[in-house]
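Here is the file structure.cif (mmCIF, C-alpha atoms).
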```cif
data_target
#
loop_
_atom_site.group_PDB
_atom_site.id
_atom_site.type_symbol
_atom_site.label_atom_id
_atom_site.label_comp_id
_atom_site.auth_asym_id
_atom_site.auth_seq_id
_atom_site.Cartn_x
_atom_site.Cartn_y
_atom_site.Cartn_z
ATOM 1 C CA MET A 4 45.770 19.358 65.939
ATOM 2 C CA GLY A 5 43.492 19.324 62.926
ATOM 3 C CA VAL A 6 43.857 23.057 62.352
ATOM 4 C CA VAL A 7 47.632 22.872 62.800
ATOM 5 C CA ALA A 8 47.880 19.869 60.458
ATOM 6 C CA ILE A 9 45.975 21.707 57.710
ATOM 7 C CA LYS A 10 48.177 24.783 58.104
ATOM 8 C CA LYS A 11 51.317 22.635 57.963
ATOM 9 C CA ALA A 12 50.178 20.758 54.832
ATOM 10 C CA SER A 13 51.828 22.082 51.697
ATOM 11 C CA THR A 14 49.924 20.173 48.973
ATOM 12 C CA THR A 15 46.320 19.211 48.267
ATOM 13 C CA SER A 16 46.985 15.518 48.939
ATOM 14 C CA GLN A 17 48.580 16.404 52.281
ATOM 15 C CA ARG A 18 45.560 18.536 53.191
ATOM 16 C CA VAL A 19 43.244 15.576 52.578
ATOM 17 C CA LEU A 20 45.213 13.580 55.148
ATOM 18 C CA ALA A 21 45.317 16.600 57.475
ATOM 19 C CA ILE A 22 41.489 16.754 57.549
ATOM 20 C CA ILE A 23 41.351 13.429 59.440
ATOM 21 C CA PRO A 24 41.979 14.943 62.925
ATOM 22 C CA LEU A 25 39.164 17.447 62.327
ATOM 23 C CA PHE A 26 36.828 14.629 61.327
ATOM 24 C CA PHE A 27 37.809 12.726 64.472
ATOM 25 C CA SER A 28 37.015 15.770 66.603
ATOM 26 C CA PHE A 29 33.563 16.043 65.020
ATOM 27 C CA GLN A 30 32.950 12.319 65.536
ATOM 28 C CA GLN A 31 33.918 12.494 69.206
ATOM 29 C CA CYS A 32 31.671 15.536 69.559
ATOM 30 C CA MET A 33 28.788 13.376 68.360
ATOM 31 C CA GLU A 34 29.517 10.862 71.086
ATOM 32 C CA GLY A 35 29.714 13.714 73.586
ATOM 33 C CA ILE A 36 26.167 14.621 72.552
ATOM 34 C CA LEU A 37 25.182 11.023 73.246
ATOM 35 C CA TRP A 38 26.625 11.078 76.754
ATOM 36 C CA LEU A 39 24.499 14.150 77.470
ATOM 37 C CA SER A 40 21.305 12.964 75.769
ATOM 38 C CA LEU A 41 21.138 9.235 76.596
ATOM 39 C CA PRO A 42 20.359 9.655 80.323
ATOM 40 C CA ASN A 43 17.538 12.076 79.430
ATOM 41 C CA LEU A 44 14.575 10.412 77.724
ATOM 42 C CA ASP A 45 13.284 13.825 76.559
ATOM 43 C CA GLU A 46 16.363 14.352 74.340
ATOM 44 C CA LEU A 47 15.359 11.839 71.652
ATOM 45 C CA LEU A 48 16.273 14.155 68.753
ATOM 46 C CA TRP A 49 19.790 14.744 70.095
ATOM 47 C CA HIS A 50 20.077 11.028 70.758
ATOM 48 C CA ARG A 51 19.382 10.322 67.078
ATOM 49 C CA ILE A 52 21.748 13.064 65.892
ATOM 50 C CA GLY A 53 24.554 11.755 68.100
ATOM 51 C CA THR A 54 24.013 8.116 67.146
ATOM 52 C CA TYR A 55 23.839 8.583 63.390
ATOM 53 C CA GLY A 56 26.447 11.347 63.353
ATOM 54 C CA PHE A 57 28.938 9.054 65.082
ATOM 55 C CA LEU A 58 28.131 5.957 63.019
ATOM 56 C CA VAL A 59 28.319 7.781 59.679
ATOM 57 C CA PHE A 60 31.974 8.445 60.414
ATOM 58 C CA ALA A 61 32.709 5.056 62.008
ATOM 59 C CA TRP A 62 30.952 2.926 59.401
ATOM 60 C CA VAL A 63 30.783 4.990 56.212
ATOM 61 C CA VAL A 64 33.524 7.632 56.129
ATOM 62 C CA TRP A 65 36.617 5.911 57.533
ATOM 63 C CA PRO A 66 36.662 2.744 55.357
ATOM 64 C CA VAL A 67 36.871 4.995 52.284
ATOM 65 C CA PHE A 68 38.622 8.113 53.484
ATOM 66 C CA ILE A 69 41.647 6.457 55.112
ATOM 67 C CA PRO A 70 42.805 4.374 52.098
ATOM 68 C CA PHE A 71 41.873 7.254 49.770
ATOM 69 C CA SER A 72 44.045 9.760 51.656
ATOM 70 C CA ILE A 73 46.989 7.346 51.718
ATOM 71 C CA ARG A 74 46.597 6.550 48.011
ATOM 72 C CA LEU A 75 46.749 10.251 47.118
ATOM 73 C CA LEU A 76 50.188 10.478 48.710
ATOM 74 C CA GLU A 77 51.565 7.272 47.196
ATOM 75 C CA GLU A 78 53.930 7.601 44.226
ATOM 76 C CA ASP A 79 54.782 3.941 43.649
ATOM 77 C CA ARG A 80 52.599 2.554 40.846
ATOM 78 C CA ILE A 81 52.224 -0.980 42.242
ATOM 79 C CA ARG A 82 51.398 0.250 45.723
ATOM 80 C CA ARG A 83 48.821 2.629 44.255
ATOM 81 C CA LYS A 84 47.149 -0.331 42.530
ATOM 82 C CA ILE A 85 47.047 -2.239 45.817
ATOM 83 C CA LEU A 86 45.553 0.785 47.531
ATOM 84 C CA THR A 87 42.969 1.028 44.752
ATOM 85 C CA VAL A 88 41.857 -2.523 45.549
ATOM 86 C CA ILE A 89 41.727 -1.723 49.257
ATOM 87 C CA LEU A 90 39.776 1.443 48.472
ATOM 88 C CA GLY A 91 37.288 -0.718 46.589
ATOM 89 C CA MET A 92 36.912 -2.957 49.654
ATOM 90 C CA GLY A 93 36.363 0.117 51.793
ATOM 91 C CA GLY A 94 33.794 1.419 49.351
ATOM 92 C CA PHE A 95 31.940 -1.896 49.498
ATOM 93 C CA VAL A 96 31.703 -1.931 53.288
ATOM 94 C CA SER A 97 30.770 1.768 53.364
ATOM 95 C CA LEU A 98 27.877 1.152 50.981
ATOM 96 C CA CYS A 99 26.719 -1.802 53.104
ATOM 97 C CA PHE A 100 26.730 0.242 56.288
ATOM 98 C CA ALA A 101 25.139 3.241 54.567
ATOM 99 C CA TYR A 102 22.319 0.949 53.431
ATOM 100 C CA VAL A 103 21.820 -0.240 57.008
ATOM 101 C CA LEU A 104 21.777 3.301 58.402
ATOM 102 C CA ILE A 105 19.291 4.516 55.793
ATOM 103 C CA PHE A 106 16.823 1.631 55.729
ATOM 104 C CA TYR A 107 17.224 -0.005 59.139
ATOM 105 C CA HIS A 108 17.283 1.235 62.673
ATOM 106 C CA ALA A 109 20.558 1.878 64.509
ATOM 107 C CA GLU A 110 20.586 2.563 68.221
ATOM 108 C CA SER A 111 22.979 3.348 71.041
ATOM 109 C CA SER A 112 22.874 2.860 74.798
ATOM 110 C CA ILE A 113 25.095 3.202 77.846
ATOM 111 C CA MET A 114 26.299 -0.241 78.909
ATOM 112 C CA GLY A 115 29.011 -0.857 81.479
ATOM 113 C CA HIS A 116 30.147 2.798 81.505
ATOM 114 C CA HIS A 117 30.628 2.748 77.720
ATOM 115 C CA ILE A 118 28.391 3.465 74.743
ATOM 116 C CA GLN A 119 27.219 0.436 72.796
ATOM 117 C CA TYR A 120 26.022 0.705 69.188
ATOM 118 C CA LYS A 121 23.672 -1.789 67.550
ATOM 119 C CA GLN A 122 22.000 -2.197 64.165
ATOM 120 C CA ASN A 123 18.887 -4.253 63.511
ATOM 121 C CA PHE A 124 19.693 -5.636 60.067
ATOM 122 C CA GLU A 125 19.434 -9.338 60.928
ATOM 123 C CA TYR A 126 20.157 -10.597 57.389
ATOM 124 C CA GLY A 127 23.363 -8.590 57.273
ATOM 125 C CA LYS A 128 24.680 -10.336 60.380
ATOM 126 C CA ARG A 129 25.093 -13.523 58.320
ATOM 127 C CA PHE A 130 27.721 -11.761 56.253
ATOM 128 C CA SER A 131 29.261 -9.745 59.080
ATOM 129 C CA TRP A 132 32.516 -11.677 58.628
ATOM 130 C CA LEU A 133 32.883 -10.247 55.101
ATOM 131 C CA THR A 134 32.171 -6.644 56.067
ATOM 132 C CA SER A 135 34.453 -7.034 59.104
ATOM 133 C CA ILE A 136 37.357 -8.199 56.919
ATOM 134 C CA CYS A 137 36.857 -5.376 54.408
ATOM 135 C CA TYR A 138 36.553 -2.855 57.225
ATOM 136 C CA PHE A 139 39.727 -4.077 58.926
ATOM 137 C CA VAL A 140 41.762 -4.159 55.711
ATOM 138 C CA SER A 141 40.663 -0.685 54.595
ATOM 139 C CA ILE A 142 41.532 0.938 57.921
ATOM 140 C CA ALA A 143 44.307 -1.118 59.532
ATOM 141 C CA ILE A 144 46.109 -2.632 56.545
ATOM 142 C CA SER A 145 46.080 0.264 54.060
ATOM 143 C CA PRO A 146 48.801 2.250 55.908
ATOM 144 C CA PHE A 147 51.108 -0.793 55.655
ATOM 145 C CA THR A 148 50.975 -0.566 51.865
ATOM 146 C CA SER A 149 52.468 2.927 51.842
ATOM 147 C CA SER A 150 56.088 3.329 50.749
ATOM 148 C CA ASN A 151 56.446 5.978 53.468
ATOM 149 C CA LYS A 152 57.647 4.062 56.536
ATOM 150 C CA LYS A 153 56.097 6.644 58.868
ATOM 151 C CA PHE A 154 52.700 5.330 57.800
ATOM 152 C CA TRP A 155 53.832 1.945 59.070
ATOM 153 C CA LEU A 156 54.046 3.349 62.601
ATOM 154 C CA LEU A 157 50.518 4.623 62.142
ATOM 155 C CA ALA A 158 49.433 1.155 60.975
ATOM 156 C CA ILE A 159 51.124 -0.584 63.910
ATOM 157 C CA THR A 160 49.448 1.779 66.356
ATOM 158 C CA ILE A 161 46.059 1.162 64.719
ATOM 159 C CA LEU A 162 46.681 -2.586 64.906
ATOM 160 C CA ILE A 163 47.636 -2.459 68.588
ATOM 161 C CA SER A 164 44.579 -0.363 69.414
ATOM 162 C CA PHE A 165 42.428 -2.849 67.474
ATOM 163 C CA ILE A 166 43.800 -5.804 69.451
ATOM 164 C CA ILE A 167 43.361 -4.051 72.804
ATOM 165 C CA THR A 168 39.799 -3.054 71.952
ATOM 166 C CA LYS A 169 38.934 -6.517 70.655
ATOM 167 C CA LEU A 170 40.311 -8.239 73.750
ATOM 168 C CA TYR A 171 38.965 -5.954 76.462
ATOM 169 C CA PHE A 172 36.060 -3.980 74.971
ATOM 170 C CA GLN A 173 34.400 -6.390 72.546
ATOM 171 C CA ASP A 174 30.848 -5.293 73.426
ATOM 172 C CA HIS A 175 31.746 -1.630 72.900
ATOM 173 C CA PHE A 176 34.160 -2.078 70.011
ATOM 174 C CA VAL A 177 32.956 0.739 67.744
ATOM 175 C CA SER A 178 33.075 3.393 70.444
ATOM 176 C CA ILE A 179 36.378 2.418 72.069
ATOM 177 C CA TRP A 180 38.339 1.804 68.847
ATOM 178 C CA CYS A 181 37.258 5.177 67.468
ATOM 179 C CA PHE A 182 38.458 6.776 70.706
ATOM 180 C CA PHE A 183 41.890 5.195 70.221
ATOM 181 C CA ALA A 184 41.815 6.257 66.581
ATOM 182 C CA ALA A 185 41.223 9.871 67.593
ATOM 183 C CA ILE A 186 44.459 9.741 69.598
ATOM 184 C CA LEU A 187 46.215 8.804 66.348
ATOM 185 C CA SER A 188 45.700 12.406 65.246
ATOM 186 C CA ILE A 189 49.058 13.082 66.923
ATOM 187 C CA LEU A 190 50.762 10.694 64.500
ATOM 188 C CA ILE A 191 48.953 12.189 61.531
ATOM 189 C CA LEU A 192 50.203 15.658 62.468
ATOM 190 C CA TRP A 193 53.727 14.224 62.770
ATOM 191 C CA ILE A 194 53.448 12.650 59.294
ATOM 192 C CA ILE A 195 52.202 15.943 57.797
ATOM 193 C CA VAL A 196 55.161 17.832 59.271
ATOM 194 C CA HIS A 197 57.531 15.202 57.860
ATOM 195 C CA LEU A 198 55.929 15.320 54.402
ATOM 196 C CA ARG A 199 56.198 19.108 54.337
ATOM 197 C CA GLU A 200 59.872 18.940 55.272
ATOM 198 C CA VAL A 201 60.523 16.439 52.478
ATOM 199 C CA SER A 202 58.605 18.601 49.973
ATOM 200 C CA GLU A 203 60.565 21.718 50.931
ATOM 201 C CA LYS A 204 63.839 19.824 50.727
ATOM 202 C CA ASN A 205 63.021 18.462 47.264
ATOM 203 C CA PHE A 206 61.908 21.883 46.077
ATOM 204 C CA ALA A 207 65.110 23.470 47.340
#
```
Would you give me this structure, written as structure tokens?
Amino acid sequence: MGVVAIKKASTTSQRVLAIIPLFFSFQQCMEGILWLSLPNLDELLWHRIGTYGFLVFAWVVWPVFIPFSIRLLEEDRIRRKILTVILGMGGFVSLCFAYVLIFYHAESSIMGHHIQYKQNFEYGKRFSWLTSICYFVSIAISPFTSSNKKFWLLAITILISFIITKLYFQDHFVSIWCFFAAILSILILWIIVHLREVSEKNFA
């Protein structure tokens, strides 16, 4: 879907959005490496690669890349300003998580047939409510600010997946929500096809 989305994209801003499914595939590949390496204590290097490779996308890339890609496609001036603020929130939480990944230890383990991710930055847990809000707004709320109503369907789907994950997979939230998010690649491809059709119609 990522390759098809990139081929279907007709502008640079559309291609930025079209990259998301490819990023999701790489992120899920990292978790695949974890499933293979975690049961084997001799695969410590692959364990580290899988853990940090997955978390870089989950914690650092998505809070910035999602609002950024939507902002590039937005033509309304007021909505672009709102997305700029949301992008700033995403940048803040990305920097916080990048700091944790660089200077503190992150680990993963198989718990209850799912992969659980943990970080050992105890001081940061006091302000987890702030990073959680910024993270949620940058990923789940930013599509709602788009003037393109098709992004609203994407936002609603993200919101539903968030609620399901929060209710039933709280201890494995990062892993399960990113799995749901990868499924959203179908919607992203649909949006790209729609944007190309609109562009061709306007050009004609």
- Message: Considering all atoms listed in the file, can you say which of A:Phe154, A:Phe165, A:Trp193, A:Phe139 comes closest to A:Cys181?
- Response: A:Phe165
- Note on the structure: Judged by only C-alpha atoms, the minimum distance to A:Glu78 among A:Arg51, A:Ser150, A:Ile186, A:Phe26 is found for A:Ser150
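When the PyMOL selection byres ((chain A and resi 95) around 10) is evaluated against the file, it yields Val63, Pro66, Val67, Ile89, Leu90, Gly91, Met92, Gly93, Gly94, Val96, Ser97, Leu98, Cys99, Phe100, Ala101, Thr134, Cys137 and Tyr138 of chain A.
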Find the residues near A:Val196: any atom within 10 Å, counting only C-alpha atoms, skip ones fewer than 6 places away on the same chain, and give them as a PDB file with C-alpha atoms, in the coordinates of the input.
```
ATOM      1  CA  VAL A   7      47.632  22.872  62.800  1.00  0.00           C
ATOM      2  CA  ALA A   8      47.880  19.869  60.458  1.00  0.00           C
ATOM      3  CA  LYS A  10      48.177  24.783  58.104  1.00  0.00           C
ATOM      4  CA  LYS A  11      51.317  22.635  57.963  1.00  0.00           C
ATOM      5  CA  ALA A  12      50.178  20.758  54.832  1.00  0.00           C
ATOM      6  CA  SER A  13      51.828  22.082  51.697  1.00  0.00           C
ATOM      7  CA  GLN A  17      48.580  16.404  52.281  1.00  0.00           C
ATOM      8  CA  LEU A 190      50.762  10.694  64.500  1.00  0.00           C
ATOM      9  CA  SER A 202      58.605  18.601  49.973  1.00  0.00           C
TER      10      SER A 202
END
```
- Task: Return as number ranges by chain the set of residues that the PyMOL selection byres ((chain A and resi 121) around 10) yields on the displayed structure.
- Result: A: 54, 108-112, 119-120, 122-124, 174-175, 177
Expected file contents, prior selection, C-alpha atoms, as an mmCIF file, in the frame of the given file:
```cif
data_model
loop_
_atom_site.group_PDB
_atom_site.id
_atom_site.type_symbol
_atom_site.label_atom_id
_atom_site.label_comp_id
_atom_site.auth_asym_id
_atom_site.auth_seq_id
_atom_site.Cartn_x
_atom_site.Cartn_y
_atom_site.Cartn_z
ATOM 1 C CA THR A 54 24.013 8.116 67.146
ATOM 2 C CA HIS A 108 17.283 1.235 62.673
ATOM 3 C CA ALA A 109 20.558 1.878 64.509
ATOM 4 C CA GLU A 110 20.586 2.563 68.221
ATOM 5 C CA SER A 111 22.979 3.348 71.041
ATOM 6 C CA SER A 112 22.874 2.860 74.798
ATOM 7 C CA GLN A 119 27.219 0.436 72.796
ATOM 8 C CA TYR A 120 26.022 0.705 69.188
ATOM 9 C CA GLN A 122 22.000 -2.197 64.165
ATOM 10 C CA ASN A 123 18.887 -4.253 63.511
ATOM 11 C CA PHE A 124 19.693 -5.636 60.067
ATOM 12 C CA ASP A 174 30.848 -5.293 73.426
ATOM 13 C CA HIS A 175 31.746 -1.630 72.900
ATOM 14 C CA VAL A 177 32.956 0.739 67.744
#
```
- Task: Extract, using all atoms listed in the file, all DNA, RNA and protein residues at most 12 Å from A:Lys153, discarding same-chain residues fewer than 4 positions from it, and format them as a ChimeraX atom specification.
- Result: /A:73,146-149,157-160,190-198
- Pairwise distance for atom CA of A:Gln173 and atom CA of A:His117, rounded to one decimal in Å: 11.2 Å
- Task: Could you expand the PyMOL selection byres ((chain A and resi 31) around 10) into the explicit residues it covers here, written as an NGL selection string?
- Result: :A and (25-30 or 32-37 or 53 or 56-57 or 60 or 178 or 181-182 or 185)
For C-alpha atoms, I'd like the residues from the last selection saved as a compact mmCIF listing (two decimals), in the frame of the given file.
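Below is the file part-v6.txt, written as the result:
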```txt
# COMPACT_ATOMS: atom_id res chain seq x y z
CA LEU A 25 39.16 17.45 62.33
CA PHE A 26 36.83 14.63 61.33
CA PHE A 27 37.81 12.73 64.47
CA SER A 28 37.02 15.77 66.60
CA PHE A 29 33.56 16.04 65.02
CA GLN A 30 32.95 12.32 65.54
CA CYS A 32 31.67 15.54 69.56
CA MET A 33 28.79 13.38 68.36
CA GLU A 34 29.52 10.86 71.09
CA GLY A 35 29.71 13.71 73.59
CA ILE A 36 26.17 14.62 72.55
CA LEU A 37 25.18 11.02 73.25
CA GLY A 53 24.55 11.76 68.10
CA GLY A 56 26.45 11.35 63.35
CA PHE A 57 28.94 9.05 65.08
CA PHE A 60 31.97 8.44 60.41
CA SER A 178 33.08 3.39 70.44
CA CYS A 181 37.26 5.18 67.47
CA PHE A 182 38.46 6.78 70.71
CA ALA A 185 41.22 9.87 67.59
```
- What gap, in Å, lies between atom CA of A:Gly5 and atom CA of A:Pro24? 4.6 Å
- Message: What does the structure give for the distance between atom CA of A:Glu200 and atom CA of A:Lys84, in Å to one decimal?
- Response: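 Taking atom CA of A:Glu200 as the start and atom CA of A:Lys84 as the end point, the length is 26.4 Å.
Comparing A:Ile163, A:Ile142, A:Ile113, A:Leu133 by their smallest distance to A:Asn43, the closest is A:Ile113 (using only C-alpha atoms).
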